[in-house]
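Peer 1: For reference, the file target.cif (mmCIF, C-alpha atoms) is included below:
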data_coords
loop_
_atom_site.group_PDB
_atom_site.id
_atom_site.type_symbol
_atom_site.label_atom_id
_atom_site.label_comp_id
_atom_site.auth_asym_id
_atom_site.auth_seq_id
_atom_site.Cartn_x
_atom_site.Cartn_y
_atom_site.Cartn_z
ATOM 1 C CA MET A 174 -17.910 7.056 2.107
ATOM 2 C CA ASP A 175 -16.411 7.009 5.628
ATOM 3 C CA ASN A 176 -14.417 9.896 7.110
ATOM 4 C CA GLU A 177 -11.024 8.520 6.122
ATOM 5 C CA ALA A 178 -12.078 7.804 2.549
ATOM 6 C CA HIS A 179 -13.572 11.284 2.341
ATOM 7 C CA SER A 180 -10.277 12.779 3.568
ATOM 8 C CA TRP A 181 -8.308 10.971 0.846
ATOM 9 C CA GLU A 182 -10.848 11.992 -1.773
ATOM 10 C CA LEU A 183 -10.409 15.654 -0.825
ATOM 11 C CA ILE A 184 -6.621 15.260 -0.979
ATOM 12 C CA TYR A 185 -6.695 13.913 -4.535
ATOM 13 C CA ARG A 186 -9.247 16.451 -5.692
ATOM 14 C CA LEU A 187 -6.763 19.174 -4.838
ATOM 15 C CA THR A 188 -3.619 17.736 -6.417
ATOM 16 C CA SER A 189 -1.649 14.657 -7.328
ATOM 17 C CA THR A 190 0.925 13.446 -4.804
ATOM 18 C CA TYR A 191 4.291 15.191 -4.600
ATOM 19 C CA ASP A 192 6.256 11.965 -5.305
ATOM 20 C CA ARG A 193 3.975 10.674 -8.016
ATOM 21 C CA ALA A 194 6.717 10.215 -10.605
ATOM 22 C CA VAL A 195 9.044 8.411 -8.182
ATOM 23 C CA PRO A 196 8.276 4.777 -7.309
ATOM 24 C CA HIS A 197 9.546 3.370 -4.035
ATOM 25 C CA GLU A 198 13.315 2.856 -3.978
ATOM 26 C CA ASP A 199 12.913 -0.946 -3.809
ATOM 27 C CA THR A 200 10.822 -1.320 -6.975
ATOM 28 C CA GLU A 201 13.759 -2.063 -9.297
ATOM 29 C CA ASP A 202 14.815 -4.899 -6.972
ATOM 30 C CA LEU A 203 11.219 -6.119 -6.876
ATOM 31 C CA HIS A 204 11.104 -6.169 -10.667
ATOM 32 C CA ARG A 205 14.208 -8.375 -10.804
ATOM 33 C CA LEU A 206 12.763 -10.667 -8.138
ATOM 34 C CA PHE A 207 9.428 -10.899 -9.951
ATOM 35 C CA GLN A 208 11.130 -11.689 -13.246
ATOM 36 C CA GLU A 209 13.144 -14.475 -11.642
ATOM 37 C CA ASN A 210 10.016 -16.004 -10.097
ATOM 38 C CA GLY A 211 7.524 -15.775 -12.969
ATOM 39 C CA VAL A 212 5.319 -13.068 -11.467
ATOM 40 C CA ARG A 213 2.816 -11.741 -13.976
ATOM 41 C CA ARG A 214 -0.260 -10.462 -12.147
ATOM 42 C CA ILE A 215 0.205 -7.813 -9.437
ATOM 43 C CA LEU A 216 -2.233 -5.993 -7.148
ATOM 44 C CA ASP A 217 -1.235 -2.500 -6.005
ATOM 45 C CA LEU A 218 -3.254 -2.129 -2.807
ATOM 46 C CA GLY A 219 -3.915 1.543 -2.217
ATOM 47 C CA CYS A 220 -2.582 2.604 -5.592
ATOM 48 C CA GLY A 221 -3.298 6.315 -5.162
ATOM 49 C CA ASP A 222 -2.686 8.296 -8.321
ATOM 50 C CA GLY A 223 -0.633 5.571 -9.923
ATOM 51 C CA ARG A 224 3.125 5.724 -9.382
ATOM 52 C CA HIS A 225 3.520 1.936 -9.064
ATOM 53 C CA LEU A 226 0.830 1.183 -11.629
ATOM 54 C CA HIS A 227 2.820 3.289 -14.076
ATOM 55 C CA PHE A 228 6.118 1.609 -13.169
ATOM 56 C CA PHE A 229 4.953 -2.005 -13.419
ATOM 57 C CA SER A 230 2.614 -1.512 -16.377
ATOM 58 C CA GLY A 231 5.527 0.019 -18.267
ATOM 59 C CA LEU A 232 7.471 -3.196 -17.659
ATOM 60 C CA GLY A 233 4.711 -5.359 -19.116
ATOM 61 C CA TYR A 234 3.071 -6.738 -15.973
ATOM 62 C CA GLN A 235 -0.666 -7.278 -15.687
ATOM 63 C CA ILE A 236 -1.398 -4.907 -12.830
ATOM 64 C CA SER A 237 -4.550 -4.002 -10.930
ATOM 65 C CA GLY A 238 -4.945 -1.001 -8.663
ATOM 66 C CA LEU A 239 -7.351 -0.652 -5.765
ATOM 67 C CA ASP A 240 -8.105 2.617 -4.008
ATOM 68 C CA TYR A 241 -11.181 4.079 -2.364
ATOM 69 C CA ALA A 242 -10.648 7.649 -3.549
ATOM 70 C CA PRO A 243 -12.322 8.001 -6.971
ATOM 71 C CA SER A 244 -10.260 11.090 -7.787
ATOM 72 C CA ALA A 245 -7.032 9.134 -7.223
ATOM 73 C CA LEU A 246 -8.143 6.484 -9.687
ATOM 74 C CA TYR A 247 -9.161 9.152 -12.181
ATOM 75 C CA LEU A 248 -5.694 10.717 -11.988
ATOM 76 C CA ALA A 249 -4.051 7.303 -12.324
ATOM 77 C CA GLY A 250 -6.156 6.363 -15.337
ATOM 78 C CA GLU A 251 -5.548 9.680 -17.036
ATOM 79 C CA TRP A 252 -1.781 9.332 -16.585
ATOM 80 C CA LEU A 253 -1.698 5.749 -17.834
ATOM 81 C CA THR A 254 -3.868 6.482 -20.863
ATOM 82 C CA GLY A 255 -1.689 9.445 -21.780
ATOM 83 C CA GLU A 256 1.326 7.139 -22.012
ATOM 84 C CA ASN A 257 -0.447 4.208 -23.720
ATOM 85 C CA LEU A 258 -0.259 2.072 -20.577
ATOM 86 C CA SER A 259 -3.055 0.170 -18.902
ATOM 87 C CA ALA A 260 -4.151 -1.154 -15.530
ATOM 88 C CA GLU A 261 -7.336 -2.513 -14.034
ATOM 89 C CA LEU A 262 -8.625 0.188 -11.653
ATOM 90 C CA VAL A 263 -11.114 -0.640 -8.895
ATOM 91 C CA CYS A 264 -12.651 1.681 -6.307
ATOM 92 C CA ALA A 265 -13.127 -0.309 -3.089
ATOM 93 C CA ASP A 266 -12.171 -0.618 0.562
ATOM 94 C CA MET A 267 -9.017 -2.638 1.254
ATOM 95 C CA THR A 268 -10.745 -4.557 4.059
ATOM 96 C CA GLY A 269 -12.949 -6.204 1.414
ATOM 97 C CA ILE A 270 -10.797 -6.756 -1.670
ATOM 98 C CA PRO A 271 -13.241 -7.517 -4.523
ATOM 99 C CA TRP A 272 -11.374 -10.368 -6.217
ATOM 100 C CA ARG A 273 -11.740 -14.110 -5.808
ATOM 101 C CA ASP A 274 -9.299 -16.203 -3.788
ATOM 102 C CA GLU A 275 -5.753 -16.703 -5.095
ATOM 103 C CA GLN A 276 -5.888 -14.275 -8.008
ATOM 104 C CA PHE A 277 -2.506 -12.537 -7.761
ATOM 105 C CA ASP A 278 1.135 -13.561 -8.046
ATOM 106 C CA ALA A 279 2.130 -10.546 -5.951
ATOM 107 C CA VAL A 280 0.627 -7.759 -3.842
ATOM 108 C CA ILE A 281 2.431 -4.490 -3.215
ATOM 109 C CA SER A 282 1.300 -1.819 -0.764
ATOM 110 C CA CYS A 283 3.482 1.199 -0.027
ATOM 111 C CA LEU A 284 2.538 3.411 2.921
ATOM 112 C CA VAL A 285 -1.109 2.421 2.756
ATOM 113 C CA ILE A 286 -2.197 -0.179 5.295
ATOM 114 C CA ASN A 287 -0.746 1.908 8.143
ATOM 115 C CA HIS A 288 -3.462 4.512 7.444
ATOM 116 C CA ASN A 289 -5.933 2.481 9.488
ATOM 117 C CA PRO A 290 -6.765 1.532 13.055
ATOM 118 C CA VAL A 291 -5.355 -1.853 14.079
ATOM 119 C CA GLU A 292 -8.607 -3.786 13.590
ATOM 120 C CA ARG A 293 -8.848 -2.662 9.948
ATOM 121 C CA ILE A 294 -5.166 -3.424 9.406
ATOM 122 C CA ARG A 295 -5.712 -7.011 10.558
ATOM 123 C CA ARG A 296 -8.714 -7.408 8.264
ATOM 124 C CA THR A 297 -6.709 -6.017 5.354
ATOM 125 C CA ILE A 298 -3.873 -8.481 5.945
ATOM 126 C CA GLU A 299 -6.374 -11.355 5.936
ATOM 127 C CA GLU A 300 -7.731 -10.118 2.617
ATOM 128 C CA ILE A 301 -4.223 -9.867 1.161
ATOM 129 C CA TYR A 302 -3.555 -13.456 2.200
ATOM 130 C CA ARG A 303 -6.820 -14.595 0.589
ATOM 131 C CA VAL A 304 -6.247 -13.036 -2.843
ATOM 132 C CA LEU A 305 -2.599 -14.117 -3.121
ATOM 133 C CA LYS A 306 -1.772 -17.368 -4.845
ATOM 134 C CA SER A 307 0.056 -20.007 -2.845
ATOM 135 C CA GLY A 308 3.698 -18.939 -2.819
ATOM 136 C CA GLY A 309 2.688 -15.420 -3.893
ATOM 137 C CA TRP A 310 4.820 -12.429 -2.964
ATOM 138 C CA LEU A 311 3.902 -9.565 -0.631
ATOM 139 C CA PHE A 312 5.821 -6.300 -0.363
ATOM 140 C CA VAL A 313 4.611 -3.721 2.154
ATOM 141 C CA VAL A 314 6.056 -0.438 3.371
ATOM 142 C CA VAL A 315 4.751 1.040 6.626
ATOM 143 C CA SER A 316 5.595 3.723 9.167
ATOM 144 C CA THR A 317 7.244 2.528 12.360
ATOM 145 C CA CYS A 318 7.909 3.803 15.861
ATOM 146 C CA LYS A 319 10.758 1.408 16.755
ATOM 147 C CA PRO A 320 13.706 0.833 16.684
ATOM 148 C CA ILE A 321 14.415 4.116 14.912
ATOM 149 C CA GLY A 322 12.596 6.010 17.651
ATOM 150 C CA PRO A 323 9.161 7.632 17.987
ATOM 151 C CA MET A 324 7.856 9.215 14.804
ATOM 152 C CA ARG A 325 5.148 11.714 15.622
ATOM 153 C CA TYR A 326 3.370 14.487 13.825
ATOM 154 C CA HIS A 327 3.035 17.895 15.403
ATOM 155 C CA SER A 328 -0.754 17.839 15.491
ATOM 156 C CA GLY A 329 -2.913 14.776 15.992
ATOM 157 C CA ILE A 330 -5.291 12.874 18.235
ATOM 158 C CA GLU A 331 -4.272 9.425 19.446
ATOM 159 C CA ILE A 332 -7.332 7.187 18.960
ATOM 160 C CA GLU A 333 -5.606 4.018 20.178
ATOM 161 C CA PRO A 334 -2.005 3.106 21.087
ATOM 162 C CA ASP A 335 0.332 4.283 18.296
ATOM 163 C CA THR A 336 -2.532 5.378 16.017
ATOM 164 C CA ILE A 337 -2.943 9.106 15.425
ATOM 165 C CA VAL A 338 -5.529 10.979 13.361
ATOM 166 C CA LEU A 339 -4.028 14.181 12.002
ATOM 167 C CA THR A 340 -5.871 17.398 12.766
ATOM 168 C CA GLU A 341 -4.084 19.663 10.276
ATOM 169 C CA GLY A 342 -2.023 19.565 7.110
ATOM 170 C CA ARG A 343 -2.498 17.786 3.796
ATOM 171 C CA GLU A 344 -3.558 14.506 5.448
ATOM 172 C CA LYS A 345 -5.972 16.039 7.960
ATOM 173 C CA GLY A 346 -8.483 13.428 9.124
ATOM 174 C CA VAL A 347 -6.320 10.476 8.049
ATOM 175 C CA PRO A 348 -5.228 7.924 10.686
ATOM 176 C CA HIS A 349 -1.550 6.963 10.909
ATOM 177 C CA HIS A 350 -0.588 3.790 12.735
ATOM 178 C CA PHE A 351 3.062 3.421 13.754
ATOM 179 C CA PHE A 352 4.115 -0.226 13.924
ATOM 180 C CA THR A 353 6.613 -1.744 16.287
ATOM 181 C CA THR A 354 8.861 -4.442 14.852
ATOM 182 C CA LEU A 355 7.272 -7.100 17.048
ATOM 183 C CA GLU A 356 3.805 -6.009 15.950
ATOM 184 C CA LEU A 357 4.756 -6.393 12.289
ATOM 185 C CA ILE A 358 6.119 -9.879 12.925
ATOM 186 C CA GLU A 359 2.937 -10.880 14.748
ATOM 187 C CA MET A 360 0.490 -9.394 12.236
ATOM 188 C CA PHE A 361 2.183 -11.037 9.237
ATOM 189 C CA SER A 362 2.886 -14.342 10.986
ATOM 190 C CA ARG A 363 0.917 -16.329 8.376
ATOM 191 C CA PHE A 364 3.522 -15.337 5.779
ATOM 192 C CA THR A 365 7.089 -16.550 5.373
ATOM 193 C CA PHE A 366 9.479 -13.632 5.879
ATOM 194 C CA ILE A 367 12.064 -13.174 3.119
ATOM 195 C CA ASP A 368 13.520 -9.762 3.939
ATOM 196 C CA PHE A 369 12.993 -6.966 6.439
ATOM 197 C CA HIS A 370 14.775 -3.617 6.331
ATOM 198 C CA TRP A 371 14.307 0.120 6.692
ATOM 199 C CA ASP A 372 14.380 2.331 3.632
ATOM 200 C CA SER A 373 16.233 5.642 3.354
ATOM 201 C CA ARG A 374 13.341 7.442 5.078
ATOM 202 C CA SER A 375 13.198 5.022 8.036
ATOM 203 C CA ARG A 376 10.039 3.221 6.891
ATOM 204 C CA ALA A 377 9.838 -0.529 7.445
ATOM 205 C CA CYS A 378 9.931 -2.651 4.272
ATOM 206 C CA LEU A 379 8.696 -6.224 4.540
ATOM 207 C CA LEU A 380 9.051 -8.819 1.780
ATOM 208 C CA SER A 381 7.286 -12.124 2.406
ATOM 209 C CA ARG A 382 5.523 -15.021 0.700
ATOM 210 C CA LYS A 383 2.231 -16.768 1.257
ATOM 211 C CA ARG A 384 2.821 -20.220 2.661
#
Show the structure stored in the file as structure tokens.
Peer 2:
Amino acid sequence: MDNEAHSWELIYRLTSTYDRAVPHEDTEDLHRLFQENGVRRILDLGCGDGRHLHFFSGLGYQISGLDYAPSALYLAGEWLTGENLSAELVCADMTGIPWRDEQFDAVISCLVINHNPVERIRRTIEEIYRVLKSGGWLFVVVSTCKPIGPMRYHSGIEIEPDTIVLTEGREKGVPHHFFTTLELIEMFSRFTFIDFHWDSRSRACLLSRKR
């Protein structure tokens, strides 16, 4: 287990996330979109302790969750089982998604891929592209530094431009990359952009499809 994975494991050993019961504000719109387009199988990349697994499983989707913190998956599984819901849970690194090519109708990833240096982010995006079916949907939420303005934590070490590893607080040891708009456009250039907006907390939300 690398340092970042170990940091997340420690986080989930202590407690579940504060917003666990609240899916991202765009999930109801995603559900309507998925219904209209015949989406059945979804991958939640970096599922944590299960807020989106719970939401989409409750609506009848076939959903898989990937995370590399075993304690997060344990919490997710316990929650789902307690409410007679189900999801496929896999402990793995997002830079090597352990499914065959073109397995999913949609991939969602909320505030996950930005917790990496740029090289790992690029590898993750390539893996997302690989496991999506042709025409499959991708919804990602990431932290940004523009155009809203610089978003910085009070304590951290910059390991590369716009990537900070926190040195204190709940996410101590976890890298945070802050995207520019142009960087997002470039990194996801293999996808067809459908929508791009900022949510109520000034995080970038990108909806796209695999060409």
Peer 1: Taking all atoms listed in the file into account, name the residue in A:Ser244, A:Trp252, A:Leu380, A:Ile330 that is nearest to Ile358 in chain A.
Peer 2: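 Once distances to Ile358 in chain A are computed over all atoms listed in the file, the minimum belongs to A:Leu380.
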Peer 1: Got a sec to check which residues sit within 9 Å of (-1.7, -13.4, -2.5), counting all atoms listed in the file, and write them as a PyMOL selection string?
Peer 2: chain A and resi 216+274-280+300-311+382-383
Peer 1: At most 8 Å from (-6.0, -0.5, -9.3), file frame, all atoms listed in the file: which residues, as a PDB file with C-alpha atoms, keeping the file's coordinate frame?
Peer 2:
ATOM      1  CA  LEU A 216      -2.233  -5.993  -7.148  1.00  0.00           C
ATOM      2  CA  ASP A 217      -1.235  -2.500  -6.005  1.00  0.00           C
ATOM      3  CA  LEU A 218      -3.254  -2.129  -2.807  1.00  0.00           C
ATOM      4  CA  GLY A 219      -3.915   1.543  -2.217  1.00  0.00           C
ATOM      5  CA  CYS A 220      -2.582   2.604  -5.592  1.00  0.00           C
ATOM      6  CA  LEU A 226       0.830   1.183 -11.629  1.00  0.00           C
ATOM      7  CA  ILE A 236      -1.398  -4.907 -12.830  1.00  0.00           C
ATOM      8  CA  SER A 237      -4.550  -4.002 -10.930  1.00  0.00           C
ATOM      9  CA  GLY A 238      -4.945  -1.001  -8.663  1.00  0.00           C
ATOM     10  CA  LEU A 239      -7.351  -0.652  -5.765  1.00  0.00           C
ATOM     11  CA  ASP A 240      -8.105   2.617  -4.008  1.00  0.00           C
ATOM     12  CA  LEU A 246      -8.143   6.484  -9.687  1.00  0.00           C
ATOM     13  CA  ALA A 260      -4.151  -1.154 -15.530  1.00  0.00           C
ATOM     14  CA  GLU A 261      -7.336  -2.513 -14.034  1.00  0.00           C
ATOM     15  CA  LEU A 262      -8.625   0.188 -11.653  1.00  0.00           C
ATOM     16  CA  VAL A 263     -11.114  -0.640  -8.895  1.00  0.00           C
ATOM     17  CA  CYS A 264     -12.651   1.681  -6.307  1.00  0.00           C
TER      18      CYS A 264
END
Peer 1: Could you name the residues that touch Val285 in chain A at 12 Å or less, counting all atoms listed in the file, but leaving out those on the same chain fewer than 3 positions away, as a ChimeraX atom specification?
Peer 2: /A:181,217-221,239-241,266-268,281-282,288-290,293-294,297-298,312-316,347-351,376
Peer 1: Produce a file of the selected residues containing C-alpha atoms, as a PDB file, keeping the file's coordinate frame.
Peer 2:
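Dumped to result.pdb:
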ATOM      1  CA  TRP A 181      -8.308  10.971   0.846  1.00  0.00           C
ATOM      2  CA  ASP A 217      -1.235  -2.500  -6.005  1.00  0.00           C
ATOM      3  CA  LEU A 218      -3.254  -2.129  -2.807  1.00  0.00           C
ATOM      4  CA  GLY A 219      -3.915   1.543  -2.217  1.00  0.00           C
ATOM      5  CA  CYS A 220      -2.582   2.604  -5.592  1.00  0.00           C
ATOM      6  CA  GLY A 221      -3.298   6.315  -5.162  1.00  0.00           C
ATOM      7  CA  LEU A 239      -7.351  -0.652  -5.765  1.00  0.00           C
ATOM      8  CA  ASP A 240      -8.105   2.617  -4.008  1.00  0.00           C
ATOM      9  CA  TYR A 241     -11.181   4.079  -2.364  1.00  0.00           C
ATOM     10  CA  ASP A 266     -12.171  -0.618   0.562  1.00  0.00           C
ATOM     11  CA  MET A 267      -9.017  -2.638   1.254  1.00  0.00           C
ATOM     12  CA  THR A 268     -10.745  -4.557   4.059  1.00  0.00           C
ATOM     13  CA  ILE A 281       2.431  -4.490  -3.215  1.00  0.00           C
ATOM     14  CA  SER A 282       1.300  -1.819  -0.764  1.00  0.00           C
ATOM     15  CA  HIS A 288      -3.462   4.512   7.444  1.00  0.00           C
ATOM     16  CA  ASN A 289      -5.933   2.481   9.488  1.00  0.00           C
ATOM     17  CA  PRO A 290      -6.765   1.532  13.055  1.00  0.00           C
ATOM     18  CA  ARG A 293      -8.848  -2.662   9.948  1.00  0.00           C
ATOM     19  CA  ILE A 294      -5.166  -3.424   9.406  1.00  0.00           C
ATOM     20  CA  THR A 297      -6.709  -6.017   5.354  1.00  0.00           C
ATOM     21  CA  ILE A 298      -3.873  -8.481   5.945  1.00  0.00           C
ATOM     22  CA  PHE A 312       5.821  -6.300  -0.363  1.00  0.00           C
ATOM     23  CA  VAL A 313       4.611  -3.721   2.154  1.00  0.00           C
ATOM     24  CA  VAL A 314       6.056  -0.438   3.371  1.00  0.00           C
ATOM     25  CA  VAL A 315       4.751   1.040   6.626  1.00  0.00           C
ATOM     26  CA  SER A 316       5.595   3.723   9.167  1.00  0.00           C
ATOM     27  CA  VAL A 347      -6.320  10.476   8.049  1.00  0.00           C
ATOM     28  CA  PRO A 348      -5.228   7.924  10.686  1.00  0.00           C
ATOM     29  CA  HIS A 349      -1.550   6.963  10.909  1.00  0.00           C
ATOM     30  CA  HIS A 350      -0.588   3.790  12.735  1.00  0.00           C
ATOM     31  CA  PHE A 351       3.062   3.421  13.754  1.00  0.00           C
ATOM     32  CA  ARG A 376      10.039   3.221   6.891  1.00  0.00           C
TER      33      ARG A 376
END
Peer 1: To one decimal place, how far is CA of Arg205 in chain A from CA of Gly231 in chain A in Å?
Peer 2: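 Spanning CA of Arg205 in chain A to CA of Gly231 in chain A is a straight-line distance of 14.2 Å.
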Peer 1: Name the closest residue to Ala242 in chain A among the candidates A:Arg186, A:Arg224, A:Ser259, A:Cys283; distances are taken between atoms, counting all atoms listed in the file.
Peer 2: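 Checking each candidate against Ala242 in chain A, we get A:Arg186 as the closest.
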Peer 1: Mind pulling up the distance from CA of Arg193 in chain A to CA of Asp222 in chain A?
Peer 2: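 Calculated distance between CA of Asp222 in chain A and CA of Arg193 in chain A is 7.1 Å.
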Peer 1: Evaluate the PyMOL selection byres ((chain A and resi 340) around 12) here and jot the selected residues down as a list of chain:residue names.
Peer 2: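 Applied to this file, the PyMOL selection byres ((chain A and resi 340) around 12) returns A:Ser180, A:Tyr326, A:His327, A:Ser328, A:Gly329, A:Ile330, A:Glu331, A:Ile337, A:Val338, A:Leu339, A:Glu341, A:Gly342, A:Arg343, A:Glu344, A:Lys345, A:Gly346, A:Val347, A:Pro348, A:His349.
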Peer 1: Considering all atoms listed in the file, can you say which of A:Leu232, A:Cys318, A:Gly250, A:Glu182 comes closest to Glu201 in chain A?
Peer 2: A:Leu232
Peer 1: Name the residues captured by the PyMOL selection byres ((chain A and resi 213) around 7) when it is applied to the shown file; answer as a ChimeraX atom specification.
Peer 2: /A:211-212,214-215,234-235,278
Peer 1: Taking all atoms listed in the file into account, which of A:His227, A:Arg363, A:Thr353, A:Arg384 comes nearest Glu251 in chain A?
Peer 2: A:His227
Peer 1: Point out the residue among A:Ala194, A:Ala265, A:Leu203, A:Leu253 with the least atom-to-atom distance to Leu379 in chain A, counting all atoms listed in the file.
Peer 2: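 Closest candidate: A:Leu203.
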Peer 1: Between CA of Pro334 in chain A and CA of Thr317 in chain A, what is the distance in Å, rounded to a tenth?
Peer 2: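 CA of Pro334 in chain A sits 12.7 Å away from CA of Thr317 in chain A.
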Peer 1: Taking 5 positions as the minimum chain separation for residues in the same chain, which residues sit within 9 Å of Asp199 in chain A when counting all atoms listed in the file? Answer as a tab-separated table (two decimals) with C-alpha atoms, keeping the file's coordinate frame.
Peer 2:
chain	number	residue	atom	x	y	z
A	204	HIS	CA	11.10	-6.17	-10.67
A	372	ASP	CA	14.38	2.33	3.63
A	378	CYS	CA	9.93	-2.65	4.27
